[in-house]
$ cat upload.cif   # mmCIF, N, CA, C and O atoms
data_start
#
loop_
_atom_site.label_atom_id
_atom_site.label_comp_id
_atom_site.auth_asym_id
_atom_site.auth_seq_id
_atom_site.Cartn_x
_atom_site.Cartn_y
_atom_site.Cartn_z
N MET A 609 92.12 107.85 88.71
CA MET A 609 91.70 107.35 89.99
C MET A 609 91.57 108.51 90.98
O MET A 609 90.59 108.57 91.71
N ARG A 610 92.54 109.37 90.98
CA ARG A 610 92.51 110.49 91.92
C ARG A 610 91.34 111.41 91.61
O ARG A 610 90.61 111.84 92.50
N ARG A 611 91.18 111.75 90.35
CA ARG A 611 90.11 112.66 89.95
C ARG A 611 88.74 112.11 90.35
O ARG A 611 87.86 112.85 90.77
N ASN A 612 88.57 110.79 90.24
CA ASN A 612 87.29 110.16 90.57
C ASN A 612 87.22 109.69 92.02
O ASN A 612 86.23 109.07 92.42
N LYS A 613 88.30 109.92 92.78
CA LYS A 613 88.35 109.57 94.20
C LYS A 613 88.06 108.09 94.45
O LYS A 613 87.25 107.72 95.29
N VAL A 614 88.75 107.24 93.67
CA VAL A 614 88.64 105.79 93.86
C VAL A 614 90.03 105.22 94.12
O VAL A 614 91.02 105.72 93.61
N GLY A 615 90.09 104.19 94.93
CA GLY A 615 91.36 103.58 95.28
C GLY A 615 91.65 102.31 94.52
O GLY A 615 92.73 101.75 94.64
N SER A 616 90.67 101.86 93.73
CA SER A 616 90.89 100.64 92.97
C SER A 616 89.96 100.63 91.75
O SER A 616 88.92 101.28 91.74
N ILE A 617 90.40 99.87 90.76
CA ILE A 617 89.62 99.72 89.53
C ILE A 617 89.53 98.23 89.21
O ILE A 617 90.55 97.54 89.16
N VAL A 618 88.31 97.76 89.00
CA VAL A 618 88.12 96.36 88.61
C VAL A 618 88.29 96.29 87.10
O VAL A 618 87.67 97.04 86.35
N ILE A 619 89.16 95.39 86.68
CA ILE A 619 89.41 95.18 85.25
C ILE A 619 88.53 94.02 84.81
O ILE A 619 88.54 92.96 85.43
N THR A 620 87.78 94.21 83.74
CA THR A 620 86.84 93.18 83.30
C THR A 620 87.17 92.69 81.89
O THR A 620 87.89 93.34 81.14
N THR A 621 86.59 91.54 81.58
CA THR A 621 86.68 91.02 80.22
C THR A 621 85.73 91.84 79.34
O THR A 621 84.97 92.67 79.85
N ALA A 622 85.74 91.59 78.06
CA ALA A 622 84.84 92.29 77.15
C ALA A 622 83.37 92.04 77.50
O ALA A 622 82.51 92.84 77.19
N HIS A 623 83.11 90.93 78.19
CA HIS A 623 81.74 90.59 78.57
C HIS A 623 81.38 91.07 79.97
O HIS A 623 80.30 90.77 80.48
N GLY A 624 82.30 91.79 80.63
CA GLY A 624 82.01 92.36 81.94
C GLY A 624 82.36 91.49 83.13
O GLY A 624 82.11 91.88 84.27
N ALA A 625 82.96 90.33 82.91
CA ALA A 625 83.35 89.46 84.03
C ALA A 625 84.64 90.00 84.65
O ALA A 625 85.56 90.37 83.92
N PRO A 626 84.72 90.04 85.98
CA PRO A 626 85.95 90.54 86.61
C PRO A 626 87.14 89.65 86.28
O PRO A 626 87.06 88.43 86.32
N GLU A 627 88.23 90.28 85.89
CA GLU A 627 89.44 89.54 85.52
C GLU A 627 90.61 89.90 86.45
O GLU A 627 91.52 89.13 86.64
N GLY A 628 90.57 91.11 86.97
CA GLY A 628 91.64 91.56 87.84
C GLY A 628 91.27 92.85 88.52
O GLY A 628 90.18 93.39 88.34
N ILE A 629 92.20 93.37 89.33
CA ILE A 629 91.99 94.63 90.02
C ILE A 629 93.31 95.39 90.03
O ILE A 629 94.40 94.79 90.09
N PHE A 630 93.22 96.69 89.93
CA PHE A 630 94.41 97.55 90.02
C PHE A 630 94.12 98.56 91.11
O PHE A 630 93.09 99.24 91.09
N THR A 631 95.04 98.66 92.08
CA THR A 631 94.81 99.50 93.25
C THR A 631 95.89 100.57 93.38
O THR A 631 96.94 100.51 92.75
N GLU A 632 95.59 101.54 94.24
CA GLU A 632 96.60 102.55 94.57
C GLU A 632 97.86 101.88 95.10
O GLU A 632 98.96 102.31 94.80
N ARG A 633 97.68 100.84 95.88
CA ARG A 633 98.83 100.12 96.44
C ARG A 633 99.68 99.53 95.32
O ARG A 633 100.91 99.57 95.37
N ASP A 634 99.03 98.97 94.28
CA ASP A 634 99.78 98.45 93.13
C ASP A 634 100.59 99.57 92.48
O ASP A 634 101.76 99.40 92.15
N LEU A 635 99.97 100.72 92.30
CA LEU A 635 100.62 101.86 91.67
C LEU A 635 101.82 102.33 92.50
O LEU A 635 102.92 102.54 91.96
N LEU A 636 101.64 102.44 93.80
CA LEU A 636 102.73 102.86 94.67
C LEU A 636 103.89 101.86 94.66
O LEU A 636 105.06 102.24 94.63
N ARG A 637 103.55 100.56 94.67
CA ARG A 637 104.58 99.53 94.64
C ARG A 637 105.40 99.63 93.36
O ARG A 637 106.63 99.58 93.37
N LEU A 638 104.73 99.79 92.24
CA LEU A 638 105.42 99.90 90.95
C LEU A 638 106.30 101.15 90.92
O LEU A 638 107.44 101.09 90.43
N ALA A 639 105.80 102.26 91.43
CA ALA A 639 106.57 103.49 91.43
C ALA A 639 107.79 103.37 92.36
O ALA A 639 108.89 103.79 92.00
N ALA A 640 107.59 102.77 93.52
CA ALA A 640 108.68 102.66 94.51
C ALA A 640 109.78 101.73 94.04
O ALA A 640 110.95 101.93 94.39
N THR A 641 109.44 100.72 93.27
CA THR A 641 110.45 99.76 92.81
C THR A 641 111.05 100.15 91.46
O THR A 641 111.90 99.43 90.94
N GLY A 642 110.57 101.25 90.90
CA GLY A 642 111.09 101.68 89.61
C GLY A 642 110.53 100.89 88.44
O GLY A 642 111.06 100.96 87.34
N GLU A 643 109.48 100.12 88.67
CA GLU A 643 108.89 99.28 87.63
C GLU A 643 107.69 99.93 86.94
O GLU A 643 107.04 99.29 86.13
N LEU A 644 107.40 101.19 87.26
CA LEU A 644 106.23 101.85 86.69
C LEU A 644 106.47 102.16 85.22
O LEU A 644 107.39 102.89 84.86
N ASP A 645 105.66 101.57 84.39
CA ASP A 645 105.69 101.82 82.95
C ASP A 645 104.27 102.19 82.56
O ASP A 645 103.41 101.32 82.42
N THR A 646 104.01 103.47 82.41
CA THR A 646 102.64 103.92 82.15
C THR A 646 102.11 103.46 80.79
O THR A 646 100.91 103.52 80.55
N GLY A 647 102.96 102.95 79.94
CA GLY A 647 102.53 102.43 78.65
C GLY A 647 102.27 100.93 78.66
O GLY A 647 101.81 100.37 77.66
N ALA A 648 102.54 100.28 79.80
CA ALA A 648 102.36 98.82 79.89
C ALA A 648 100.88 98.47 79.89
O ALA A 648 100.06 99.21 80.43
N PRO A 649 100.53 97.34 79.30
CA PRO A 649 99.13 96.89 79.36
C PRO A 649 98.74 96.61 80.81
O PRO A 649 99.54 96.10 81.60
N ILE A 650 97.52 96.98 81.18
CA ILE A 650 97.06 96.80 82.55
C ILE A 650 97.11 95.33 82.97
O ILE A 650 97.35 95.01 84.13
N GLY A 651 96.94 94.44 82.02
CA GLY A 651 97.00 93.01 82.32
C GLY A 651 98.34 92.56 82.87
O GLY A 651 98.43 91.56 83.56
N ARG A 652 99.38 93.32 82.60
CA ARG A 652 100.71 92.97 83.08
C ARG A 652 100.92 93.37 84.54
O ARG A 652 101.73 92.79 85.23
N VAL A 653 100.18 94.37 85.01
CA VAL A 653 100.42 94.89 86.36
C VAL A 653 99.25 94.70 87.33
O VAL A 653 99.41 94.91 88.52
N MET A 654 98.11 94.32 86.83
CA MET A 654 96.95 94.14 87.72
C MET A 654 97.10 92.87 88.55
O MET A 654 97.88 91.99 88.23
N THR A 655 96.34 92.81 89.62
CA THR A 655 96.26 91.60 90.42
C THR A 655 95.17 90.73 89.80
O THR A 655 94.01 91.15 89.70
N ARG A 656 95.55 89.55 89.36
CA ARG A 656 94.58 88.64 88.73
C ARG A 656 93.77 87.89 89.77
O ARG A 656 94.22 87.69 90.89
N ASN A 657 92.59 87.46 89.36
CA ASN A 657 91.70 86.66 90.21
C ASN A 657 91.48 87.29 91.58
O ASN A 657 91.80 86.69 92.60
N PRO A 658 90.93 88.49 91.62
CA PRO A 658 90.72 89.14 92.91
C PRO A 658 89.72 88.36 93.77
O PRO A 658 88.84 87.69 93.25
N ALA A 659 89.90 88.47 95.06
CA ALA A 659 88.97 87.83 95.99
C ALA A 659 87.63 88.54 95.92
O ALA A 659 87.56 89.74 95.69
N GLY A 660 86.58 87.79 96.12
CA GLY A 660 85.25 88.39 96.11
C GLY A 660 84.30 87.62 97.00
O GLY A 660 84.51 86.43 97.26
N LEU A 661 83.30 88.31 97.48
CA LEU A 661 82.27 87.71 98.32
C LEU A 661 80.92 88.26 97.89
O LEU A 661 80.84 89.36 97.33
N PRO A 662 79.85 87.54 98.18
CA PRO A 662 78.52 88.06 97.85
C PRO A 662 78.16 89.23 98.76
O PRO A 662 78.74 89.38 99.85
N VAL A 663 77.22 90.05 98.34
CA VAL A 663 76.81 91.20 99.15
C VAL A 663 76.22 90.79 100.48
O VAL A 663 76.15 91.58 101.41
N SER A 664 75.82 89.54 100.60
CA SER A 664 75.25 89.05 101.86
C SER A 664 76.32 88.67 102.88
O SER A 664 76.01 88.36 104.04
N ALA A 665 77.59 88.70 102.50
CA ALA A 665 78.68 88.34 103.41
C ALA A 665 78.73 89.33 104.57
O ALA A 665 78.46 90.52 104.41
N SER A 666 79.11 88.82 105.73
CA SER A 666 79.22 89.68 106.91
C SER A 666 80.61 90.33 106.95
O SER A 666 81.53 89.90 106.26
N VAL A 667 80.74 91.33 107.79
CA VAL A 667 82.04 91.96 107.98
C VAL A 667 83.05 90.92 108.48
O VAL A 667 84.22 90.91 108.08
N TYR A 668 82.59 90.01 109.33
CA TYR A 668 83.45 88.94 109.83
C TYR A 668 83.95 88.07 108.67
O TYR A 668 85.13 87.73 108.61
N ASP A 669 83.05 87.72 107.75
CA ASP A 669 83.44 86.93 106.58
C ASP A 669 84.52 87.64 105.77
O ASP A 669 85.49 87.03 105.32
N VAL A 670 84.35 88.93 105.60
CA VAL A 670 85.32 89.71 104.84
C VAL A 670 86.66 89.74 105.56
O VAL A 670 87.72 89.53 104.95
N ALA A 671 86.63 89.97 106.87
CA ALA A 671 87.88 89.99 107.65
C ALA A 671 88.60 88.65 107.57
O ALA A 671 89.83 88.60 107.42
N GLN A 672 87.85 87.55 107.64
CA GLN A 672 88.46 86.23 107.55
C GLN A 672 89.12 86.01 106.19
O GLN A 672 90.22 85.48 106.10
N LEU A 673 88.44 86.41 105.14
CA LEU A 673 89.00 86.29 103.79
C LEU A 673 90.28 87.11 103.66
O LEU A 673 91.27 86.65 103.09
N MET A 674 90.26 88.32 104.20
CA MET A 674 91.44 89.18 104.12
C MET A 674 92.62 88.55 104.86
O MET A 674 93.75 88.59 104.36
N VAL A 675 92.36 87.93 106.00
CA VAL A 675 93.44 87.27 106.74
C VAL A 675 93.98 86.09 105.94
O VAL A 675 95.18 85.92 105.80
N ARG A 676 93.07 85.28 105.40
CA ARG A 676 93.50 84.11 104.62
C ARG A 676 94.32 84.50 103.40
O ARG A 676 95.26 83.82 103.03
N ARG A 677 93.92 85.58 102.74
CA ARG A 677 94.60 85.99 101.50
C ARG A 677 95.76 86.96 101.75
O ARG A 677 96.45 87.37 100.81
N GLY A 678 95.98 87.36 102.99
CA GLY A 678 97.07 88.28 103.29
C GLY A 678 96.85 89.67 102.75
O GLY A 678 97.79 90.35 102.33
N ILE A 679 95.61 90.10 102.78
CA ILE A 679 95.26 91.44 102.25
C ILE A 679 95.28 92.44 103.39
O ILE A 679 94.65 92.25 104.40
#

$ encode --input "upload.cif" --output "structure tokens"
Amino acid sequence: MRRNKVGSIVITTAHGAPEGIFTERDLLRLAATGELDTGAPIGRVMTRNPAGLPVSASVYDVAQLMVRRGI
């Protein structure tokens, strides 16, 4: 993630459908709580069912979703 300068990675099914997301915040939380296991399957630590909006969504729509989901 650092090398590619990205803060999150979308985890997909074999068919490319989004299944979860793993973020820098997830990594920091795991490290801070002592739960970081670099050998663990990503499915165990990713956030499942990430929120999403169409590209036509407004910034207001995104802000509202973030408030509703506590992001």

$ closest_residue --input "upload.cif" --among "A:Thr655, A:Thr621, A:Gln672, A:Ser664" --to "Arg633 in chain A" --atoms "only C-alpha atoms"
A:Thr655

$ closest_residue --input "upload.cif" --among "A:Leu673, A:Val663, A:Ala622, A:Ile617" --to "Ile650 in chain A" --atoms "only C-alpha atoms"
A:Ile617

$ select_by_dssp --input "upload.cif" --residues "chain A" --states "alpha helix (DSSP H)" --output "PyMOL selection string"
chain A and resi 632-640+650-653+667-677

$ atom_distance --input "upload.cif" --atom1 "CA of Arg611 in chain A" --atom2 "atom O of Val667 in chain A"
28.9 Å

$ residues_around --input "upload.cif" --residues "Asp634 in chain A" --least-positions-apart "6" --cutoff "7 Å" --atoms "all atoms listed in the file" --output "list of chain:residue names"
A:Gly615, A:Ala640, A:Val653

$ atom_distance --input "upload.cif" --atom1 "CA of Arg637 in chain A" --atom2 "CA of Ser666 in chain A"
29.8 Å

$ select_by_dssp --input "upload.cif" --residues "chain A" --states "strand (DSSP E or B)" --output "VMD selection string"
chain A and resid 616 to 620 626 to 631 655 to 656

$ closest_residue --input "upload.cif" --among "A:Gly651, A:Leu644, A:Ala665, A:Met674" --to "Glu627 in chain A" --atoms "all atoms listed in the file"
A:Gly651

$ closest_residue --input "upload.cif" --among "A:Val670, A:Asp645, A:Arg656, A:Phe630" --to "Val618 in chain A" --atoms "only N, CA, C and O atoms"
A:Phe630

$ atom_distance --input "upload.cif" --atom1 "CA of Leu638 in chain A" --atom2 "CA of Arg610 in chain A"
16.7 Å
